[in-house]
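**Student:** Have a look at the structure that comes next, please.
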Amino acid sequence: MNYMGIDHHKQYSHITLMDERGKKIKSGRVANYCSEVERFLDGSGEVKAVIEAGRSSYTMVDVMDELGIEVTIAHPKQVKAIARAKIKTDKRDSFMLAHLLRTDLIPEIYKRSHKNRGNQRVLRQRAFYVGSITRAKNKIRALLAQQQEEVRDKVSQKKNIFSRDGVKFLKTLNLPDTDKDLLSALLKTFTHLEKMKEETNGLVEKLYQEIPESRLIRSVPGYGIFLSVLVAVEIADIERFSKVSKFLSYAGVIPSTHSSGERSYHGKIVKQGNRWLRWAAVEAVYPGMKADFDIKSFYNRLKKRKGSNPAKVATARRMLTIIYRILKENRLYIPYKR
């Protein structure tokens, strides 16, 4: 068995091939094409490969799959922690990856299927629109809050300023010329983003029908069709998490911990993990409180003791724990009956 370390870049990769004893067989820069990699490996026998996770690393993963080569995806931060070097070059990086693979020291991450990656792109694009719409709304609210009392009173009397009628109403407000131009630009941005979001509705609905796990997740209060599909796709396979603690850590909703001697302090949530899964979990909290009394009670108890933000994160963590259980047991959520 030979071992291949791949230091991947957009147009080329630096590859090092190593034998079982750790001796370098060959090393060089190779264009990211199946034919070029095949030419580089000609006569190399059975090969295992490793590549660090990155924005475009799956292009090389697909090349390895096409060539029938077993490929491992390495966690980049953990690899750096294991093999920190003062001198960093493509050649050294590919050599170290091959060496870590040979010695079975690669911190491996989950390898997603081609279909799952396609679904991710659809849903993350939709999540981008949703987040951008929220930011546009906040900008509009901030601009209106700086207007004269007469304008603020008119706005406060409108039930929903972001409905179709609400947008028409905002366009009629008597604002100073500069602020009127700013509001007009923000409303155009908001309207365009809403249109783009609506165009993804059909794709999301199609995925909801195709992915049975999303229909289980939707039974949890606060999770509509979009959030249910997003969470199901980001999880991909719940069986890869042997414990709920590992799942919550992956979602990035566990508090940071600092221990010294007999004292332990819990701080803000860790910034590592799947940010899309974390975003969906936090987004579902307020709708979940409206739909379920127990979730609302849990949030309110923590809010009194710790404040709104820690309570929101803890509630998101509780709801993700419910999702973990129902996916493991392949069943719908059963609310507690009083």
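Ligands are numbered from 1 in the order shown, residues from 1 within each chain, and chains are lettered A, B, ... in the order they appear in the structure tokens.
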List as a list in words the protein and nucleic acid residues near Gln209 (chain A), meaning an atom at most 12 Å away when only C-alpha atoms are counted, but skip any in the same chain fewer than 3 places from it.
**Tutor:** Gly202, Leu203, Val204, Glu205, Lys206, Pro212, Glu213, Ser214, Arg215, Leu216, Arg218, Ile225, Phe226, Ser228 and Val229 of chain A
**Student:** Residues of region 160-314 of chain A classed as strand (DSSP E) by DSSP on the backbone are to be reported as a ChimeraX atom specification.
**Tutor:** /A:255-260,263-269
**Student:** Which parts of region 120-294 of chain A does DSSP call helix (DSSP H, G or I) when run on the backbone here, written out as an MDAnalysis selection string?
**Tutor:** chainID A and resid 120:145 149:157 164:171 177:199 201:210 212:217 225:235 238:240 244:251 275:283 285:291 293:294
**Student:** Can you list, as a PyMOL selection string, every protein, DNA or RNA residue that comes within 9 Å of region 138-147 of chain A when you count only C-alpha atoms, leaving out same-chain residues fewer than 2 positions away?
**Tutor:** chain A and resi 133-136+149-152+155+175-176+179+182-183+186-187
**Student:** Measuring atom to atom with only C-alpha atoms, identify which of A:Asn300, A:Thr189, A:Ser57, A:Ser184 is nearest to Ser132 (chain A).
**Tutor:**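 Counting only C-alpha atoms, the residue closest to Ser132 (chain A) is A:Thr189.
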**Student:** Please provide as a list in words all residues within 10 Å of Tyr58 (chain A), with the sequence filter that same-chain residues fewer than 6 positions apart are discarded (counting only C-alpha atoms).
**Tutor:** His8, Ile51, Glu52, Met64, Ile73, Lys111, Arg112, Ser113, His114 and Arg117 of chain A
**Student:** Selection from above, N, CA and C atoms, as an mmCIF file, in the first residue's frame, can you write it?
**Tutor:**
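Below you can see result-v7.cif, which holds the result:
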```
data_model
loop_
_atom_site.group_PDB
_atom_site.id
_atom_site.type_symbol
_atom_site.label_atom_id
_atom_site.label_comp_id
_atom_site.auth_asym_id
_atom_site.auth_seq_id
_atom_site.Cartn_x
_atom_site.Cartn_y
_atom_site.Cartn_z
ATOM 1 N N HIS A 8 -3.973 20.787 -1.846
ATOM 2 C CA HIS A 8 -4.850 21.184 -2.955
ATOM 3 C C HIS A 8 -4.938 22.694 -3.108
ATOM 4 N N ILE A 51 -6.631 14.477 1.816
ATOM 5 C CA ILE A 51 -6.671 15.881 1.412
ATOM 6 C C ILE A 51 -7.312 16.682 2.535
ATOM 7 N N GLU A 52 -6.813 17.885 2.780
ATOM 8 C CA GLU A 52 -7.422 18.738 3.791
ATOM 9 C C GLU A 52 -8.731 19.309 3.271
ATOM 10 N N MET A 64 -10.501 11.542 -7.200
ATOM 11 C CA MET A 64 -10.052 10.304 -6.547
ATOM 12 C C MET A 64 -11.125 9.208 -6.648
ATOM 13 N N ILE A 73 -10.751 12.793 4.059
ATOM 14 C CA ILE A 73 -10.760 14.256 4.164
ATOM 15 C C ILE A 73 -10.328 14.626 5.574
ATOM 16 N N LYS A 111 -17.196 12.531 4.983
ATOM 17 C CA LYS A 111 -17.157 12.690 3.531
ATOM 18 C C LYS A 111 -18.579 12.642 2.978
ATOM 19 N N ARG A 112 -19.021 13.765 2.442
ATOM 20 C CA ARG A 112 -20.395 13.871 1.946
ATOM 21 C C ARG A 112 -20.528 13.317 0.530
ATOM 22 N N SER A 113 -21.720 12.812 0.235
ATOM 23 C CA SER A 113 -21.991 12.305 -1.106
ATOM 24 C C SER A 113 -22.163 13.472 -2.073
ATOM 25 N N HIS A 114 -22.052 13.175 -3.345
ATOM 26 C CA HIS A 114 -22.208 14.199 -4.389
ATOM 27 C C HIS A 114 -23.603 14.822 -4.322
ATOM 28 N N ARG A 117 -23.993 17.203 -1.311
ATOM 29 C CA ARG A 117 -23.320 18.482 -1.540
ATOM 30 C C ARG A 117 -24.159 19.392 -2.435
#
```
